[in-house]
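Participant: Sharing upload-v2.txt below, compact mmCIF, N, CA and C atoms and all ligand atoms:
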```txt
# COMPACT_ATOMS: atom_id res chain seq x y z
N MET A 1 13.49 11.94 -11.42
CA MET A 1 12.23 11.56 -10.80
C MET A 1 11.13 12.52 -11.28
N SER A 2 9.91 12.00 -11.54
CA SER A 2 8.86 12.87 -12.04
C SER A 2 8.40 13.82 -10.93
N GLU A 3 7.84 14.94 -11.35
CA GLU A 3 7.40 15.98 -10.43
C GLU A 3 6.30 15.47 -9.50
N ALA A 4 6.38 15.83 -8.21
CA ALA A 4 5.27 15.54 -7.32
C ALA A 4 4.08 16.38 -7.75
N LYS A 5 2.89 15.82 -7.61
CA LYS A 5 1.67 16.58 -7.93
C LYS A 5 1.11 17.11 -6.62
N THR A 6 0.96 18.41 -6.54
CA THR A 6 0.57 19.01 -5.25
C THR A 6 -0.84 18.59 -4.84
N ASP A 7 -1.69 18.25 -5.82
CA ASP A 7 -3.06 17.86 -5.48
C ASP A 7 -3.22 16.35 -5.33
N CYS A 8 -2.09 15.64 -5.28
CA CYS A 8 -2.14 14.17 -5.16
C CYS A 8 -1.87 13.79 -3.70
N ILE A 9 -2.82 13.11 -3.07
CA ILE A 9 -2.68 12.77 -1.65
C ILE A 9 -1.46 11.86 -1.41
N PHE A 10 -1.15 10.97 -2.34
CA PHE A 10 0.01 10.09 -2.11
C PHE A 10 1.33 10.86 -2.27
N CYS A 11 1.37 11.84 -3.19
CA CYS A 11 2.56 12.70 -3.28
C CYS A 11 2.70 13.51 -1.98
N GLN A 12 1.57 13.94 -1.43
CA GLN A 12 1.62 14.70 -0.17
C GLN A 12 2.16 13.82 0.97
N ILE A 13 1.78 12.54 0.96
CA ILE A 13 2.32 11.62 1.98
C ILE A 13 3.82 11.45 1.79
N VAL A 14 4.25 11.25 0.54
CA VAL A 14 5.69 11.09 0.25
C VAL A 14 6.46 12.32 0.73
N ALA A 15 5.88 13.50 0.51
CA ALA A 15 6.55 14.75 0.88
C ALA A 15 6.49 15.03 2.38
N GLY A 16 5.71 14.23 3.11
CA GLY A 16 5.55 14.48 4.55
C GLY A 16 4.53 15.56 4.84
N ASP A 17 3.74 15.94 3.84
CA ASP A 17 2.74 16.99 4.02
C ASP A 17 1.37 16.44 4.40
N ALA A 18 1.21 15.13 4.36
CA ALA A 18 -0.03 14.48 4.81
C ALA A 18 0.38 13.28 5.65
N PRO A 19 -0.42 12.95 6.65
CA PRO A 19 -0.02 11.86 7.55
C PRO A 19 -0.24 10.49 6.92
N ALA A 20 0.52 9.52 7.39
CA ALA A 20 0.30 8.12 6.99
C ALA A 20 0.96 7.24 8.03
N HIS A 21 0.44 6.02 8.14
CA HIS A 21 1.05 5.02 9.02
C HIS A 21 2.04 4.24 8.16
N VAL A 22 3.28 4.75 8.15
CA VAL A 22 4.29 4.22 7.24
C VAL A 22 4.90 2.94 7.80
N VAL A 23 4.96 1.94 6.93
CA VAL A 23 5.59 0.67 7.27
C VAL A 23 7.05 0.69 6.86
N TRP A 24 7.31 1.18 5.63
CA TRP A 24 8.65 1.02 5.07
C TRP A 24 8.91 2.11 4.05
N GLU A 25 10.12 2.58 4.02
CA GLU A 25 10.51 3.57 3.02
C GLU A 25 11.87 3.18 2.48
N ASP A 26 12.03 3.24 1.18
CA ASP A 26 13.36 3.10 0.60
C ASP A 26 13.52 4.17 -0.48
N GLU A 27 14.57 4.06 -1.25
CA GLU A 27 14.89 5.13 -2.20
C GLU A 27 13.74 5.40 -3.17
N ARG A 28 13.08 4.33 -3.61
CA ARG A 28 12.07 4.48 -4.67
C ARG A 28 10.63 4.28 -4.22
N THR A 29 10.42 3.65 -3.06
CA THR A 29 9.06 3.24 -2.70
C THR A 29 8.68 3.67 -1.29
N LEU A 30 7.36 3.70 -1.06
CA LEU A 30 6.83 3.94 0.28
C LEU A 30 5.69 2.94 0.50
N THR A 31 5.69 2.33 1.69
CA THR A 31 4.67 1.36 2.05
C THR A 31 3.95 1.87 3.29
N PHE A 32 2.61 1.92 3.23
CA PHE A 32 1.84 2.43 4.37
C PHE A 32 0.50 1.73 4.45
N MET A 33 -0.14 1.89 5.61
CA MET A 33 -1.43 1.24 5.83
C MET A 33 -2.52 1.99 5.07
N ASP A 34 -3.41 1.24 4.42
CA ASP A 34 -4.57 1.87 3.78
C ASP A 34 -5.43 2.51 4.88
N ILE A 35 -5.85 3.74 4.62
CA ILE A 35 -6.58 4.51 5.64
C ILE A 35 -7.99 3.97 5.88
N ALA A 36 -8.53 3.26 4.90
CA ALA A 36 -9.87 2.66 5.03
C ALA A 36 -9.77 1.19 4.64
N PRO A 37 -9.19 0.40 5.53
CA PRO A 37 -8.86 -0.98 5.15
C PRO A 37 -10.08 -1.84 4.89
N VAL A 38 -9.96 -2.69 3.88
CA VAL A 38 -10.98 -3.71 3.64
C VAL A 38 -11.01 -4.67 4.82
N VAL A 39 -9.81 -5.03 5.27
CA VAL A 39 -9.64 -5.87 6.46
C VAL A 39 -8.38 -5.42 7.18
N ASP A 40 -8.22 -5.89 8.39
CA ASP A 40 -7.02 -5.62 9.19
C ASP A 40 -5.77 -6.01 8.37
N GLY A 41 -4.84 -5.08 8.22
CA GLY A 41 -3.59 -5.40 7.53
C GLY A 41 -3.53 -4.94 6.09
N HIS A 42 -4.59 -4.30 5.60
CA HIS A 42 -4.62 -3.81 4.22
C HIS A 42 -3.51 -2.76 4.04
N THR A 43 -2.59 -3.05 3.14
CA THR A 43 -1.36 -2.27 3.00
C THR A 43 -1.21 -1.81 1.55
N LEU A 44 -0.62 -0.64 1.35
CA LEU A 44 -0.37 -0.11 0.01
C LEU A 44 1.13 0.09 -0.20
N ILE A 45 1.60 -0.20 -1.39
CA ILE A 45 2.98 0.12 -1.79
C ILE A 45 2.89 1.06 -3.00
N ILE A 46 3.63 2.16 -2.92
CA ILE A 46 3.63 3.12 -4.04
C ILE A 46 5.08 3.42 -4.44
N PRO A 47 5.27 3.81 -5.70
CA PRO A 47 6.53 4.46 -6.06
C PRO A 47 6.48 5.89 -5.52
N LYS A 48 7.61 6.40 -5.05
CA LYS A 48 7.61 7.78 -4.55
C LYS A 48 7.36 8.78 -5.68
N ALA A 49 7.86 8.47 -6.85
CA ALA A 49 7.67 9.36 -7.99
C ALA A 49 6.23 9.25 -8.47
N HIS A 50 5.62 10.38 -8.72
CA HIS A 50 4.23 10.35 -9.18
C HIS A 50 4.10 9.74 -10.57
N CYS A 51 3.16 8.81 -10.69
CA CYS A 51 2.66 8.40 -12.01
C CYS A 51 1.21 8.02 -11.77
N ASP A 52 0.37 8.31 -12.73
CA ASP A 52 -1.06 8.12 -12.50
C ASP A 52 -1.43 6.66 -12.30
N ASP A 53 -0.81 5.79 -13.12
CA ASP A 53 -1.27 4.40 -13.15
C ASP A 53 -0.21 3.53 -13.83
N LEU A 54 -0.55 2.28 -14.02
CA LEU A 54 0.39 1.32 -14.62
C LEU A 54 0.86 1.77 -16.00
N PHE A 55 -0.04 2.36 -16.77
CA PHE A 55 0.31 2.77 -18.13
C PHE A 55 1.43 3.82 -18.11
N ALA A 56 1.41 4.67 -17.09
CA ALA A 56 2.36 5.78 -17.03
C ALA A 56 3.59 5.46 -16.18
N ALA A 57 3.62 4.28 -15.58
CA ALA A 57 4.66 3.99 -14.59
C ALA A 57 6.02 3.74 -15.22
N ASP A 58 7.05 4.12 -14.47
CA ASP A 58 8.43 3.83 -14.84
C ASP A 58 8.70 2.35 -14.53
N PRO A 59 9.16 1.57 -15.50
CA PRO A 59 9.39 0.14 -15.24
C PRO A 59 10.36 -0.12 -14.09
N VAL A 60 11.29 0.78 -13.87
CA VAL A 60 12.22 0.58 -12.75
C VAL A 60 11.46 0.71 -11.43
N ASP A 61 10.54 1.66 -11.36
CA ASP A 61 9.69 1.79 -10.17
C ASP A 61 8.81 0.56 -10.00
N LEU A 62 8.27 0.06 -11.09
CA LEU A 62 7.41 -1.13 -11.00
C LEU A 62 8.20 -2.31 -10.44
N ARG A 63 9.43 -2.47 -10.91
CA ARG A 63 10.25 -3.57 -10.39
C ARG A 63 10.49 -3.39 -8.90
N ALA A 64 10.73 -2.15 -8.49
CA ALA A 64 10.98 -1.88 -7.07
C ALA A 64 9.75 -2.22 -6.23
N VAL A 65 8.57 -1.85 -6.73
CA VAL A 65 7.33 -2.14 -5.99
C VAL A 65 7.09 -3.64 -5.90
N VAL A 66 7.24 -4.33 -7.03
CA VAL A 66 6.98 -5.79 -7.02
C VAL A 66 7.99 -6.50 -6.14
N SER A 67 9.25 -6.10 -6.25
CA SER A 67 10.28 -6.73 -5.44
C SER A 67 9.99 -6.54 -3.95
N LEU A 68 9.61 -5.32 -3.58
CA LEU A 68 9.32 -5.06 -2.17
C LEU A 68 8.06 -5.81 -1.72
N SER A 69 7.13 -6.03 -2.63
CA SER A 69 5.88 -6.70 -2.24
C SER A 69 6.16 -8.09 -1.68
N HIS A 70 7.24 -8.71 -2.13
CA HIS A 70 7.62 -10.03 -1.60
C HIS A 70 7.92 -9.93 -0.11
N ARG A 71 8.64 -8.89 0.28
CA ARG A 71 8.98 -8.70 1.70
C ARG A 71 7.76 -8.30 2.51
N VAL A 72 6.95 -7.43 1.95
CA VAL A 72 5.75 -6.98 2.68
C VAL A 72 4.79 -8.17 2.85
N ALA A 73 4.66 -8.98 1.81
CA ALA A 73 3.78 -10.16 1.91
C ALA A 73 4.24 -11.07 3.04
N HIS A 74 5.55 -11.31 3.11
CA HIS A 74 6.05 -12.17 4.19
C HIS A 74 5.79 -11.54 5.56
N ALA A 75 5.94 -10.23 5.64
CA ALA A 75 5.69 -9.55 6.93
C ALA A 75 4.21 -9.69 7.32
N ILE A 76 3.31 -9.50 6.34
CA ILE A 76 1.88 -9.67 6.64
C ILE A 76 1.61 -11.10 7.09
N GLY A 77 2.22 -12.06 6.41
CA GLY A 77 2.05 -13.46 6.80
C GLY A 77 2.53 -13.71 8.22
N HIS A 78 3.68 -13.12 8.53
CA HIS A 78 4.30 -13.31 9.86
C HIS A 78 3.43 -12.70 10.96
N VAL A 79 2.87 -11.52 10.69
CA VAL A 79 2.13 -10.79 11.73
C VAL A 79 0.69 -11.27 11.85
N LEU A 80 0.05 -11.55 10.71
CA LEU A 80 -1.41 -11.79 10.73
C LEU A 80 -1.83 -13.22 10.37
N HIS A 81 -0.94 -13.98 9.78
CA HIS A 81 -1.25 -15.39 9.43
C HIS A 81 -2.57 -15.55 8.68
N PRO A 82 -2.80 -14.75 7.63
CA PRO A 82 -4.05 -14.92 6.88
C PRO A 82 -4.02 -16.23 6.09
N ASP A 83 -5.23 -16.66 5.68
CA ASP A 83 -5.32 -17.86 4.82
C ASP A 83 -4.73 -17.58 3.44
N GLY A 84 -4.81 -16.32 3.00
CA GLY A 84 -4.29 -15.95 1.68
C GLY A 84 -4.01 -14.46 1.64
N LEU A 85 -3.54 -14.01 0.50
CA LEU A 85 -3.21 -12.58 0.35
C LEU A 85 -3.62 -12.13 -1.04
N GLY A 86 -4.48 -11.12 -1.11
CA GLY A 86 -4.84 -10.54 -2.40
C GLY A 86 -3.88 -9.42 -2.75
N VAL A 87 -3.34 -9.45 -3.96
CA VAL A 87 -2.46 -8.39 -4.45
C VAL A 87 -3.06 -7.88 -5.74
N PHE A 88 -3.39 -6.59 -5.76
CA PHE A 88 -4.00 -6.07 -6.98
C PHE A 88 -3.77 -4.57 -7.08
N GLN A 89 -4.00 -4.07 -8.26
CA GLN A 89 -3.98 -2.62 -8.43
C GLN A 89 -4.89 -2.27 -9.60
N LEU A 90 -5.48 -1.07 -9.53
CA LEU A 90 -6.52 -0.65 -10.46
C LEU A 90 -6.01 0.52 -11.30
N ASN A 91 -6.43 0.55 -12.55
CA ASN A 91 -5.95 1.57 -13.48
C ASN A 91 -7.12 2.22 -14.21
N GLY A 92 -7.39 3.47 -13.85
CA GLY A 92 -8.47 4.21 -14.47
C GLY A 92 -9.76 4.08 -13.69
N SER A 93 -10.57 5.12 -13.77
CA SER A 93 -11.83 5.11 -13.02
C SER A 93 -12.73 3.96 -13.46
N ALA A 94 -12.64 3.57 -14.71
CA ALA A 94 -13.47 2.47 -15.20
C ALA A 94 -13.12 1.16 -14.50
N ALA A 95 -11.87 1.08 -14.02
CA ALA A 95 -11.43 -0.12 -13.31
C ALA A 95 -11.63 0.00 -11.80
N GLY A 96 -12.13 1.16 -11.37
CA GLY A 96 -12.38 1.36 -9.94
C GLY A 96 -11.30 2.14 -9.22
N GLN A 97 -10.28 2.62 -9.97
CA GLN A 97 -9.22 3.40 -9.32
C GLN A 97 -9.80 4.69 -8.75
N THR A 98 -9.41 5.01 -7.52
CA THR A 98 -9.91 6.22 -6.87
C THR A 98 -8.79 7.20 -6.51
N VAL A 99 -7.57 6.70 -6.35
CA VAL A 99 -6.42 7.59 -6.13
C VAL A 99 -5.49 7.41 -7.32
N PHE A 100 -5.25 8.51 -8.02
CA PHE A 100 -4.57 8.43 -9.30
C PHE A 100 -3.07 8.67 -9.16
N HIS A 101 -2.49 7.88 -8.27
CA HIS A 101 -1.04 7.73 -8.11
C HIS A 101 -0.87 6.21 -7.99
N TYR A 102 -0.13 5.62 -8.91
CA TYR A 102 -0.01 4.16 -8.97
C TYR A 102 0.20 3.58 -7.57
N HIS A 103 -0.52 2.52 -7.23
CA HIS A 103 -0.31 1.84 -5.96
C HIS A 103 -0.71 0.38 -6.08
N MET A 104 -0.04 -0.43 -5.31
CA MET A 104 -0.35 -1.86 -5.20
C MET A 104 -1.02 -2.11 -3.86
N HIS A 105 -2.17 -2.78 -3.89
CA HIS A 105 -2.85 -3.19 -2.66
C HIS A 105 -2.36 -4.58 -2.25
N LEU A 106 -2.14 -4.76 -0.95
CA LEU A 106 -1.91 -6.10 -0.39
C LEU A 106 -2.97 -6.29 0.69
N ILE A 107 -3.85 -7.27 0.48
CA ILE A 107 -5.00 -7.45 1.38
C ILE A 107 -5.02 -8.87 1.92
N PRO A 108 -4.78 -9.02 3.23
CA PRO A 108 -4.90 -10.35 3.82
C PRO A 108 -6.31 -10.89 3.59
N ARG A 109 -6.42 -12.15 3.24
CA ARG A 109 -7.73 -12.75 2.99
C ARG A 109 -7.88 -14.01 3.82
N ASN A 110 -9.04 -14.14 4.43
CA ASN A 110 -9.36 -15.37 5.16
C ASN A 110 -10.59 -16.00 4.54
N HIS A 111 -10.65 -17.32 4.62
CA HIS A 111 -11.80 -18.01 4.07
C HIS A 111 -13.08 -17.40 4.63
N GLY A 112 -14.02 -17.10 3.74
CA GLY A 112 -15.29 -16.54 4.18
C GLY A 112 -15.35 -15.03 4.11
N ASP A 113 -14.15 -14.36 3.96
CA ASP A 113 -14.16 -12.90 3.82
C ASP A 113 -14.89 -12.51 2.54
N PRO A 114 -15.67 -11.42 2.57
CA PRO A 114 -16.20 -10.91 1.30
C PRO A 114 -15.05 -10.39 0.44
N LEU A 115 -15.10 -10.63 -0.86
CA LEU A 115 -13.99 -10.24 -1.74
C LEU A 115 -14.16 -8.79 -2.20
N ARG A 116 -14.18 -7.88 -1.23
CA ARG A 116 -14.29 -6.46 -1.57
C ARG A 116 -12.91 -5.89 -1.87
N MET A 117 -12.86 -4.81 -2.66
CA MET A 117 -11.58 -4.16 -2.98
C MET A 117 -11.39 -2.87 -2.20
N HIS A 118 -12.48 -2.29 -1.72
CA HIS A 118 -12.39 -1.04 -0.98
C HIS A 118 -13.07 -1.16 0.37
N GLY A 119 -12.46 -0.52 1.37
CA GLY A 119 -13.07 -0.48 2.68
C GLY A 119 -14.20 0.52 2.71
N ARG A 120 -15.00 0.44 3.76
CA ARG A 120 -16.19 1.31 3.84
C ARG A 120 -16.05 2.40 4.88
N LYS A 121 -15.06 2.25 5.78
CA LYS A 121 -14.90 3.29 6.80
C LYS A 121 -13.43 3.39 7.20
N PRO A 122 -13.05 4.53 7.75
CA PRO A 122 -11.65 4.69 8.17
C PRO A 122 -11.28 3.66 9.23
N GLY A 123 -10.03 3.20 9.16
CA GLY A 123 -9.54 2.27 10.18
C GLY A 123 -9.29 3.01 11.48
N ASP A 124 -9.22 2.26 12.57
CA ASP A 124 -8.88 2.83 13.87
C ASP A 124 -7.41 3.27 13.83
N PRO A 125 -7.13 4.57 14.02
CA PRO A 125 -5.75 5.05 13.89
C PRO A 125 -4.77 4.31 14.79
N ALA A 126 -5.21 3.96 16.01
CA ALA A 126 -4.30 3.25 16.92
C ALA A 126 -3.95 1.87 16.36
N ARG A 127 -4.94 1.20 15.77
CA ARG A 127 -4.68 -0.13 15.19
C ARG A 127 -3.80 -0.02 13.95
N LEU A 128 -4.04 1.02 13.13
CA LEU A 128 -3.20 1.21 11.94
C LEU A 128 -1.75 1.46 12.35
N ALA A 129 -1.56 2.26 13.40
CA ALA A 129 -0.20 2.55 13.87
C ALA A 129 0.47 1.29 14.41
N GLU A 130 -0.31 0.49 15.14
CA GLU A 130 0.23 -0.75 15.70
C GLU A 130 0.65 -1.71 14.59
N LEU A 131 -0.22 -1.84 13.57
CA LEU A 131 0.09 -2.74 12.46
C LEU A 131 1.33 -2.26 11.69
N ALA A 132 1.41 -0.95 11.45
CA ALA A 132 2.57 -0.42 10.73
C ALA A 132 3.86 -0.77 11.47
N LYS A 133 3.82 -0.64 12.79
CA LYS A 133 5.00 -0.94 13.61
C LYS A 133 5.33 -2.44 13.55
N GLU A 134 4.31 -3.27 13.69
CA GLU A 134 4.55 -4.72 13.69
C GLU A 134 5.06 -5.19 12.33
N LEU A 135 4.49 -4.65 11.27
CA LEU A 135 4.96 -5.05 9.93
C LEU A 135 6.39 -4.58 9.70
N ARG A 136 6.69 -3.35 10.13
CA ARG A 136 8.07 -2.84 9.98
C ARG A 136 9.05 -3.72 10.74
N GLU A 137 8.69 -4.08 11.95
CA GLU A 137 9.60 -4.93 12.75
C GLU A 137 9.77 -6.30 12.09
N ALA A 138 8.69 -6.83 11.51
CA ALA A 138 8.79 -8.13 10.83
C ALA A 138 9.70 -8.02 9.60
N MET A 139 9.66 -6.89 8.92
CA MET A 139 10.53 -6.72 7.76
C MET A 139 11.99 -6.55 8.19
N GLU A 140 12.19 -5.90 9.32
CA GLU A 140 13.57 -5.67 9.79
C GLU A 140 14.27 -6.96 10.17
N ILE A 141 13.52 -7.90 10.71
CA ILE A 141 14.17 -9.15 11.14
C ILE A 141 14.26 -10.16 10.01
N ALA A 142 13.52 -9.94 8.91
CA ALA A 142 13.50 -10.94 7.83
C ALA A 142 14.79 -10.87 7.02
P1 LIG B 201 -7.79 2.62 -5.57
O1 LIG B 201 -9.28 2.59 -5.65
O2 LIG B 201 -7.15 1.35 -6.06
O3 LIG B 201 -7.26 3.86 -6.23
O4 LIG B 201 -7.44 2.65 -4.03
C1 LIG B 201 -7.12 3.80 -3.32
C2 LIG B 201 -6.91 3.37 -1.90
O5 LIG B 201 -6.24 4.42 -1.24
C3 LIG B 201 -8.20 3.09 -1.14
O6 LIG B 201 -8.16 1.77 -0.60
C4 LIG B 201 -8.21 4.18 -0.06
O7 LIG B 201 -8.77 3.72 1.17
C5 LIG B 201 -6.75 4.50 0.07
N1 LIG B 201 -6.45 5.84 0.55
C6 LIG B 201 -7.00 7.01 0.14
N2 LIG B 201 -6.44 8.04 0.80
C7 LIG B 201 -5.51 7.52 1.64
C8 LIG B 201 -4.62 8.07 2.60
N3 LIG B 201 -4.56 9.39 2.83
N4 LIG B 201 -3.81 7.23 3.29
C9 LIG B 201 -3.88 5.89 3.08
N5 LIG B 201 -4.70 5.31 2.19
C10 LIG B 201 -5.52 6.11 1.48
ZN ZN B 202 1.20 11.44 -6.69
```
Could you take the file, read its structure, and then write that structure out as structure tokens?
Ligand code: AMP
Ligand code: ZN

Facilitator:
Amino acid sequence: MSEAKTDCIFCQIVAGDAPAHVVWEDERTLTFMDIAPVVDGHTLIIPKAHCDDLFAADPVDLRAVVSLSHRVAHAIGHVLHPDGLGVFQLNGSAAGQTVFHYHMHLIPRNHGDPLRMHGRKPGDPARLAELAKELREAMEIA
């Protein structure tokens, strides 16, 4: 596994040195609520091993993230019943990436929502915790 980067906030979350509203953890991946959600239910999936972006990612980690995204998507559907789901990830500052540890965004979308990629303010911690719990429970029963 590649070295954790001490100055990387997502590596700090993986190490338990920074807080997160964790939905799911397995051997290779961690799923948690985005701290500044575009909309209710905005979720991130990362490989635990640090890599800056898609170009640097281990293909085995990428497969693990994509495979898990199927389960997380179903959990979001089960809990929030959005009209649709945006799945995307950004590579490099030119593409709008702001955290340089590869991550996949899953963003529930409803008709009429603005198609923004980044939230503008921190989410309510109590709501983020509630969503993480509900999504985890939905994944456990699936
Ligand atoms: P990107 O622009 O694709 O790199 O997206 C980075 C995302 O990480 C943004 O949506 C941020 O709100 C989110 N983010 C940054 N720091 C944290 C954190 N400590 N916990 C959860 N999400 C975070
Ligand atoms: Zn990292």

Participant: Within 7 Å of ligand LIG 201 (chain B), which residues show up when you count all atoms listed in the file? List them as a PDB file with N, CA and C atoms, in the frame of the given file, please.

Facilitator:
```
ATOM      1  N   ILE A   9      -2.820  13.110  -3.070  1.00  0.00           N
ATOM      2  CA  ILE A   9      -2.680  12.770  -1.650  1.00  0.00           C
ATOM      3  C   ILE A   9      -1.460  11.860  -1.410  1.00  0.00           C
ATOM      4  N   PHE A  10      -1.150  10.970  -2.340  1.00  0.00           N
ATOM      5  CA  PHE A  10       0.010  10.090  -2.110  1.00  0.00           C
ATOM      6  C   PHE A  10       1.330  10.860  -2.270  1.00  0.00           C
ATOM      7  N   ALA A  18       1.210  15.130   4.360  1.00  0.00           N
ATOM      8  CA  ALA A  18      -0.030  14.480   4.810  1.00  0.00           C
ATOM      9  C   ALA A  18       0.380  13.280   5.650  1.00  0.00           C
ATOM     10  N   PRO A  19      -0.420  12.950   6.650  1.00  0.00           N
ATOM     11  CA  PRO A  19      -0.020  11.860   7.550  1.00  0.00           C
ATOM     12  C   PRO A  19      -0.240  10.490   6.920  1.00  0.00           C
ATOM     13  N   ALA A  20       0.520   9.520   7.390  1.00  0.00           N
ATOM     14  CA  ALA A  20       0.300   8.120   6.990  1.00  0.00           C
ATOM     15  C   ALA A  20       0.960   7.240   8.030  1.00  0.00           C
ATOM     16  N   HIS A  21       0.440   6.020   8.140  1.00  0.00           N
ATOM     17  CA  HIS A  21       1.050   5.020   9.020  1.00  0.00           C
ATOM     18  C   HIS A  21       2.040   4.240   8.160  1.00  0.00           C
ATOM     19  N   PHE A  32       2.610   1.920   3.230  1.00  0.00           N
ATOM     20  CA  PHE A  32       1.840   2.430   4.370  1.00  0.00           C
ATOM     21  C   PHE A  32       0.500   1.730   4.450  1.00  0.00           C
ATOM     22  N   MET A  33      -0.140   1.890   5.610  1.00  0.00           N
ATOM     23  CA  MET A  33      -1.430   1.240   5.830  1.00  0.00           C
ATOM     24  C   MET A  33      -2.520   1.990   5.070  1.00  0.00           C
ATOM     25  N   ASP A  34      -3.410   1.240   4.420  1.00  0.00           N
ATOM     26  CA  ASP A  34      -4.570   1.870   3.780  1.00  0.00           C
ATOM     27  C   ASP A  34      -5.430   2.510   4.880  1.00  0.00           C
ATOM     28  N   ILE A  35      -5.850   3.740   4.620  1.00  0.00           N
ATOM     29  CA  ILE A  35      -6.580   4.510   5.640  1.00  0.00           C
ATOM     30  C   ILE A  35      -7.990   3.970   5.880  1.00  0.00           C
ATOM     31  N   ALA A  36      -8.530   3.260   4.900  1.00  0.00           N
ATOM     32  CA  ALA A  36      -9.870   2.660   5.030  1.00  0.00           C
ATOM     33  C   ALA A  36      -9.770   1.190   4.640  1.00  0.00           C
ATOM     34  N   PRO A  37      -9.190   0.400   5.530  1.00  0.00           N
ATOM     35  CA  PRO A  37      -8.860  -0.980   5.150  1.00  0.00           C
ATOM     36  C   PRO A  37     -10.080  -1.840   4.890  1.00  0.00           C
ATOM     37  N   VAL A  38      -9.960  -2.690   3.880  1.00  0.00           N
ATOM     38  CA  VAL A  38     -10.980  -3.710   3.640  1.00  0.00           C
ATOM     39  C   VAL A  38     -11.010  -4.670   4.820  1.00  0.00           C
ATOM     40  N   PHE A  88      -3.390  -6.590  -5.760  1.00  0.00           N
ATOM     41  CA  PHE A  88      -4.000  -6.070  -6.980  1.00  0.00           C
ATOM     42  C   PHE A  88      -3.770  -4.570  -7.080  1.00  0.00           C
ATOM     43  N   GLN A  89      -4.000  -4.070  -8.260  1.00  0.00           N
ATOM     44  CA  GLN A  89      -3.980  -2.620  -8.430  1.00  0.00           C
ATOM     45  C   GLN A  89      -4.890  -2.270  -9.600  1.00  0.00           C
ATOM     46  N   LEU A  90      -5.480  -1.070  -9.530  1.00  0.00           N
ATOM     47  CA  LEU A  90      -6.520  -0.650 -10.460  1.00  0.00           C
ATOM     48  C   LEU A  90      -6.010   0.520 -11.300  1.00  0.00           C
ATOM     49  N   ASN A  91      -6.430   0.550 -12.550  1.00  0.00           N
ATOM     50  CA  ASN A  91      -5.950   1.570 -13.480  1.00  0.00           C
ATOM     51  C   ASN A  91      -7.120   2.220 -14.210  1.00  0.00           C
ATOM     52  N   GLY A  96     -12.130   1.160 -11.370  1.00  0.00           N
ATOM     53  CA  GLY A  96     -12.380   1.360  -9.940  1.00  0.00           C
ATOM     54  C   GLY A  96     -11.300   2.140  -9.220  1.00  0.00           C
ATOM     55  N   GLN A  97     -10.280   2.620  -9.970  1.00  0.00           N
ATOM     56  CA  GLN A  97      -9.220   3.400  -9.320  1.00  0.00           C
ATOM     57  C   GLN A  97      -9.800   4.690  -8.750  1.00  0.00           C
ATOM     58  N   THR A  98      -9.410   5.010  -7.520  1.00  0.00           N
ATOM     59  CA  THR A  98      -9.910   6.220  -6.870  1.00  0.00           C
ATOM     60  C   THR A  98      -8.790   7.200  -6.510  1.00  0.00           C
ATOM     61  N   VAL A  99      -7.570   6.700  -6.350  1.00  0.00           N
ATOM     62  CA  VAL A  99      -6.420   7.590  -6.130  1.00  0.00           C
ATOM     63  C   VAL A  99      -5.490   7.410  -7.320  1.00  0.00           C
ATOM     64  N   PHE A 100      -5.250   8.510  -8.020  1.00  0.00           N
ATOM     65  CA  PHE A 100      -4.570   8.430  -9.300  1.00  0.00           C
ATOM     66  C   PHE A 100      -3.070   8.670  -9.160  1.00  0.00           C
ATOM     67  N   HIS A 101      -2.490   7.880  -8.270  1.00  0.00           N
ATOM     68  CA  HIS A 101      -1.040   7.730  -8.110  1.00  0.00           C
ATOM     69  C   HIS A 101      -0.870   6.210  -7.990  1.00  0.00           C
ATOM     70  N   HIS A 103      -0.520   2.520  -7.230  1.00  0.00           N
ATOM     71  CA  HIS A 103      -0.310   1.840  -5.960  1.00  0.00           C
ATOM     72  C   HIS A 103      -0.710   0.380  -6.080  1.00  0.00           C
ATOM     73  N   HIS A 105      -2.170  -2.780  -3.890  1.00  0.00           N
ATOM     74  CA  HIS A 105      -2.850  -3.190  -2.660  1.00  0.00           C
ATOM     75  C   HIS A 105      -2.360  -4.580  -2.250  1.00  0.00           C
ATOM     76  N   MET A 117     -12.860  -4.810  -2.660  1.00  0.00           N
ATOM     77  CA  MET A 117     -11.580  -4.160  -2.980  1.00  0.00           C
ATOM     78  C   MET A 117     -11.390  -2.870  -2.200  1.00  0.00           C
ATOM     79  N   HIS A 118     -12.480  -2.290  -1.720  1.00  0.00           N
ATOM     80  CA  HIS A 118     -12.390  -1.040  -0.980  1.00  0.00           C
ATOM     81  C   HIS A 118     -13.070  -1.160   0.370  1.00  0.00           C
ATOM     82  N   GLY A 119     -12.460  -0.520   1.370  1.00  0.00           N
ATOM     83  CA  GLY A 119     -13.070  -0.480   2.680  1.00  0.00           C
ATOM     84  C   GLY A 119     -14.200   0.520   2.710  1.00  0.00           C
TER      85      GLY A 119
END
```

Participant: Please give the complete set of residues from chain A that DSSP, run on the backbone, assigns to helix (DSSP H, G or I), formatted as a ChimeraX atom specification.

Facilitator: /A:9-15,54-56,59-80,93-95,125-141

Participant: Let me make sure I understand: among A:Cys8, A:Leu128, A:Val79, A:Val87, which one has the smallest atom-to-atom distance to ligand ZN 202 (chain B) if we use all atoms listed in the file?

Facilitator: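 Comparing A:Cys8, A:Leu128, A:Val79, A:Val87 against ligand ZN 202 (chain B), the winner is A:Cys8.
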
Participant: Between A:Ile107, A:Thr31, A:Asp26, A:Ala49, which has the minimum distance to ligand ZN 202 (chain B) (counting only N, CA and C atoms and all ligand atoms)?

Facilitator: A:Ala49

Participant: All residues within 12 Å of ligand ZN 202 (chain B) are required, counting only C-alpha atoms and all ligand atoms; please report them as a PyMOL selection string.

Facilitator: chain A and resi 1-15+18+30+46-53+56-57+99-103

Participant: Find, counting all atoms listed in the file, the residue in A:Val66, A:Leu54, A:Leu106, A:Val72 that gets nearest to Leu135 in chain A.

Facilitator: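 Selected residue with least distance to Leu135 in chain A: A:Val72.
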
Participant: One decimal, in Å: what's the spacing between atom C of Arg28 in chain A and atom N of Pro122 in chain A?

Facilitator: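 So the two atoms, atom C of Arg28 in chain A and atom N of Pro122 in chain A, lie 26.5 Å apart.
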